[in-house]
>>> print(open('entry.cif').read())   # mmCIF, C-alpha atoms
data_start
#
loop_
_atom_site.label_atom_id
_atom_site.label_comp_id
_atom_site.auth_asym_id
_atom_site.auth_seq_id
_atom_site.Cartn_x
_atom_site.Cartn_y
_atom_site.Cartn_z
CA MET A 1 0.00 0.00 0.00
CA LYS A 2 2.83 2.40 0.88
CA PHE A 3 4.59 1.56 -2.34
CA ARG A 4 1.54 2.61 -4.42
CA LYS A 5 1.17 5.95 -2.59
CA ARG A 6 4.79 6.79 -3.28
CA GLN A 7 4.40 5.84 -6.92
CA LEU A 8 1.28 7.98 -7.21
CA ILE A 9 2.99 10.98 -5.61
CA LEU A 10 6.08 10.55 -7.79
CA ALA A 11 3.97 10.25 -10.94
CA SER A 12 1.98 13.41 -10.08
CA LEU A 13 5.22 15.34 -9.43
CA VAL A 14 6.63 14.22 -12.78
CA VAL A 15 3.43 15.32 -14.55
CA ALA A 16 3.51 18.71 -12.74
CA LEU A 17 7.16 19.21 -13.67
CA GLY A 18 6.41 18.32 -17.28
CA ALA A 19 3.55 20.81 -17.36
CA ALA A 20 5.78 23.55 -15.91
CA VAL A 21 8.49 22.89 -18.50
CA TYR A 22 5.92 22.91 -21.31
CA LEU A 23 4.36 26.20 -20.13
CA ASN A 24 7.78 27.81 -19.76
CA TRP A 25 8.65 26.73 -23.30
CA GLN A 26 5.32 28.05 -24.64
CA PHE A 27 5.67 31.49 -23.03
CA SER A 28 9.34 32.00 -23.86
CA ASP A 29 9.25 31.14 -27.55
CA GLY A 30 11.01 34.35 -28.54
CA ARG A 31 8.03 36.64 -28.74
CA GLY A 32 9.03 39.70 -26.69
CA LEU A 33 6.49 41.49 -24.60
CA GLU A 34 6.28 45.15 -25.58
CA VAL A 35 5.81 47.51 -22.67
CA THR A 36 4.80 51.09 -23.32
CA ASN A 37 6.21 53.98 -21.32
CA ILE A 38 3.94 55.21 -18.56
CA LEU A 39 4.11 58.10 -16.17
CA GLN A 40 2.57 56.46 -13.14
CA SER A 41 2.39 52.88 -12.05
CA THR A 42 -0.38 51.67 -9.78
CA ASP A 43 1.40 48.40 -9.07
CA GLU A 44 2.72 47.65 -5.63
CA LEU A 45 6.45 47.55 -5.19
CA GLY A 46 7.68 43.98 -5.16
CA GLU A 47 4.74 42.68 -7.17
CA ALA A 48 5.89 39.95 -9.55
CA ARG A 49 5.16 40.20 -13.24
CA TYR A 50 6.56 38.91 -16.49
CA VAL A 51 8.54 41.50 -18.44
CA ASN A 52 11.03 41.47 -21.27
CA ASN A 53 14.20 42.64 -19.53
CA SER A 54 15.92 43.78 -22.73
CA HIS A 55 14.07 47.11 -22.55
CA PHE A 56 15.02 47.97 -18.97
CA SER A 57 18.10 48.75 -16.92
CA ASP A 58 18.73 50.01 -13.39
CA LYS A 59 19.15 53.55 -14.68
CA PRO A 60 17.08 55.40 -17.25
CA SER A 61 18.88 55.14 -20.58
CA GLU A 62 20.83 58.09 -21.89
CA GLU A 63 18.54 58.01 -24.89
CA SER A 64 15.41 58.36 -22.78
CA LEU A 65 16.98 61.10 -20.69
CA SER A 66 18.24 63.22 -23.57
CA SER A 67 16.50 62.45 -26.83
CA SER A 68 12.82 62.75 -25.92
CA VAL A 69 12.83 66.31 -24.68
CA PRO A 70 16.10 68.19 -24.23
CA ASP A 71 16.67 70.09 -20.99
CA SER A 72 15.72 73.61 -21.86
CA THR A 73 16.66 76.73 -20.02
CA LYS A 74 12.97 77.13 -19.20
CA THR A 75 12.95 73.75 -17.43
CA LYS A 76 16.18 74.50 -15.56
CA LYS A 77 14.74 77.87 -14.54
CA TYR A 78 11.59 76.13 -13.28
CA PHE A 79 13.58 73.74 -11.08
CA THR A 80 15.71 76.58 -9.69
CA GLU A 81 12.69 78.77 -8.91
CA ALA A 82 10.76 75.89 -7.37
CA GLN A 83 13.68 75.00 -5.09
CA ILE A 84 13.97 78.62 -3.98
CA GLU A 85 10.20 78.88 -3.33
CA ARG A 86 10.18 75.63 -1.37
CA GLN A 87 13.14 76.78 0.72
CA LYS A 88 11.39 80.10 1.43
CA ALA A 89 8.23 78.27 2.54
CA HIS A 90 10.24 75.96 4.83
CA ASP A 91 12.15 78.93 6.29
CA GLU A 92 8.97 80.95 6.88
CA THR A 93 7.27 78.03 8.60
CA GLU A 94 10.29 77.36 10.79
CA GLU A 95 10.58 81.05 11.69
CA LYS A 96 6.88 81.25 12.66
CA LEU A 97 7.21 78.17 14.85
CA LYS A 98 10.32 79.57 16.55
CA ASN A 99 8.57 82.89 17.15
CA LEU A 100 5.63 81.06 18.71
CA LEU A 101 8.04 79.07 20.86
CA SER A 102 9.59 82.27 22.24
CA THR A 103 6.20 83.66 23.28
CA PRO A 104 6.12 84.31 27.05
CA ASN A 105 3.65 82.44 29.30
CA LEU A 106 3.27 79.61 26.79
CA ASN A 107 1.43 76.49 27.96
CA SER A 108 3.73 73.45 28.18
CA ASP A 109 1.40 71.38 25.96
CA VAL A 110 1.49 74.04 23.26
CA LYS A 111 5.26 74.31 23.64
CA ASP A 112 5.61 70.54 23.21
CA LYS A 113 3.39 70.66 20.09
CA ILE A 114 5.53 73.45 18.58
CA ILE A 115 8.73 71.52 19.29
CA SER A 116 7.16 68.45 17.70
CA ASP A 117 6.17 70.48 14.62
CA ILE A 118 9.71 71.86 14.29
CA ASP A 119 11.08 68.33 14.55
CA THR A 120 8.61 67.07 11.92
CA LEU A 121 9.52 69.93 9.58
CA SER A 122 13.24 69.20 9.89
CA LYS A 123 12.61 65.49 9.18
CA ILE A 124 10.57 66.38 6.07
CA ILE A 125 13.31 68.72 4.82
CA LYS A 126 15.91 65.99 5.29
CA GLN A 127 13.71 63.36 3.58
CA GLU A 128 13.09 65.66 0.59
CA SER A 129 16.82 66.33 0.27
CA ASN A 130 17.70 62.63 0.51
CA ILE A 131 15.06 61.66 -2.06
CA GLU A 132 16.28 64.31 -4.50
CA SER A 133 19.92 63.23 -4.12
CA LEU A 134 19.12 59.54 -4.58
CA VAL A 135 16.90 60.14 -7.61
CA LYS A 136 19.62 62.29 -9.20
CA SER A 137 22.13 59.50 -8.52
CA LYS A 138 19.99 57.21 -10.70
CA GLY A 139 20.58 59.37 -13.78
CA PHE A 140 17.99 62.14 -13.57
CA SER A 141 19.45 65.60 -14.14
CA ASP A 142 16.82 67.41 -12.06
CA CYS A 143 14.43 66.34 -9.33
CA LEU A 144 12.19 68.03 -6.79
CA ALA A 145 10.48 66.26 -3.92
CA PHE A 146 7.55 67.73 -2.00
CA ILE A 147 6.30 65.91 1.09
CA GLN A 148 3.07 67.13 2.64
CA ASN A 149 0.17 65.51 4.51
CA GLY A 150 1.58 61.99 4.15
CA GLU A 151 1.92 62.29 0.38
CA CYS A 152 4.92 62.86 -1.85
CA ASN A 153 5.06 64.58 -5.22
CA ILE A 154 8.18 64.08 -7.31
CA ILE A 155 8.96 66.27 -10.30
CA VAL A 156 11.66 65.13 -12.73
CA ASN A 157 13.10 66.49 -15.96
CA PRO A 158 11.00 65.95 -19.09
CA GLY A 159 11.47 62.84 -21.20
CA SER A 160 13.05 60.75 -18.46
CA LEU A 161 10.17 58.61 -17.23
CA ASN A 162 9.47 55.05 -18.19
CA GLU A 163 7.94 52.21 -16.20
CA ASN A 164 11.27 51.16 -14.73
CA SER A 165 12.26 54.68 -13.64
CA VAL A 166 8.85 55.16 -11.98
CA ILE A 167 9.41 51.98 -9.96
CA ILE A 168 12.93 53.09 -8.99
CA ILE A 169 11.68 56.50 -7.85
CA ARG A 170 8.79 55.00 -5.86
CA ASP A 171 11.21 52.61 -4.17
CA ILE A 172 13.51 55.50 -3.22
CA VAL A 173 10.63 57.57 -1.82
CA ALA A 174 9.18 54.65 0.13
CA SER A 175 12.55 53.75 1.64
CA GLN A 176 13.34 57.33 2.67
CA SER A 177 9.94 58.46 3.92
CA ASN A 178 7.78 55.36 4.59
CA ILE A 179 5.10 56.85 2.33
CA PRO A 180 3.03 54.11 0.65
CA SER A 181 3.31 53.73 -3.10
CA SER A 182 -0.30 54.81 -3.61
CA LYS A 183 0.51 58.22 -2.09
CA ILE A 184 3.47 58.94 -4.40
CA LYS A 185 2.93 60.98 -7.57
CA ILE A 186 5.66 61.31 -10.15
CA ILE A 187 5.39 64.12 -12.68
CA GLU A 188 7.53 65.29 -15.58
CA ALA A 189 8.18 69.03 -15.71
CA LYS A 190 7.04 70.78 -18.87
#
>>> encode(input="entry.cif", output="structure tokens")
Amino acid sequence: MKFRKRQLILASLVVALGAAVYLNWQFSDGRGLEVTNILQSTDELGEARYVNNSHFSDKPSEESLSSSVPDSTKTKKYFTEAQIERQKAHDETEEKLKNLLSTPNLNSDVKDKIISDIDTLSKIIKQESNIESLVKSKGFSDCLAFIQNGECNIIVNPGSLNENSVIIIRDIVASQSNIPSSKIKIIEAK
């Protein structure tokens, strides 16, 4: 009786292995899967899917970074102005919080809340800076990160996004800020 159970199990494993080999052969017969470029991916990071790896690399290709839309002076000016405006907003917020903190006869609960807000602001500034540096290290010439209300908006230079670069950017943002992928928006500057 034991001998028959083992034979049955062995036979079913051989059939399953044969089916797996056949399916692998059927789906990898040389027909490449074409993937179109997208600006946003709704997939979860780490989700498995079948792709043709010949179209992707760890970094956006030089061709995708430079040939689609060249970096214009208008785009560079936009990134410079946006960084300056963001820095002004951060500085104004920090200054207001520090002024409130120096108010005489301040309740200790309010004081603790202000200190917490200053700490949160400094963490957000550091996260934005880290995200921008890491995204630039992956081959993007310009990047801006805006974190607010548990969401992150990333702006990159035009012509540099494809499905792979979106996944790389979302991974960077999630690792630096613990913001879920569904709350990350990636936009190309115009």
>>> resolve_selection(input="entry.cif", expression="the PyMOL selection byres ((chain A and resi 92-104) around 12)", output="ChimeraX atom specification")
/A:85-91,105-122,124-125
>>> closest_residue(input="entry.cif", among="A:Phe140, A:Glu188, A:Leu8, A:Leu134", to="Asp171 in chain A", atoms="only C-alpha atoms")
A:Leu134
>>> closest_residue(input="entry.cif", among="A:Gln127, A:Ile179, A:Cys152, A:Asn157", to="Gly139 in chain A", atoms="all atoms listed in the file")
A:Asn157
>>> atom_distance(input="entry.cif", atom1="CA of Lys77 in chain A", atom2="CA of Ala174 in chain A")
28.0 Å
>>> atom_distance(input="entry.cif", atom1="CA of Ser177 in chain A", atom2="CA of Lys76 in chain A")
26.0 Å
>>> closest_residue(input="entry.cif", among="A:Gln7, A:Asn130, A:Ser165, A:Ser160", to="Lys190 in chain A", atoms="all atoms listed in the file")
A:Ser160
>>> atom_distance(input="entry.cif", atom1="CA of Lys185 in chain A", atom2="CA of Arg170 in chain A")
8.5 Å
>>> closest_residue(input="entry.cif", among="A:Val173, A:Val15, A:Leu10, A:Leu144", to="Glu81 in chain A", atoms="all atoms listed in the file")
A:Leu144
>>> residues_around(input="entry.cif", residues="Thr75 in chain A", least_positions_apart="2", cutoff="10 Å", atoms="only C-alpha atoms", output="number ranges by chain")
A: 70-73, 77-81, 142, 156-158, 189-190
>>> axis_aligned_box(input="entry.cif", around="range 164-167 of chain A", padding_each_side="5 Å", output="JSON")
{"center_x": 10.6, "center_y": 53.2, "center_z": -12.3, "size_x": 13.4, "size_y": 14.0, "size_z": 14.8}
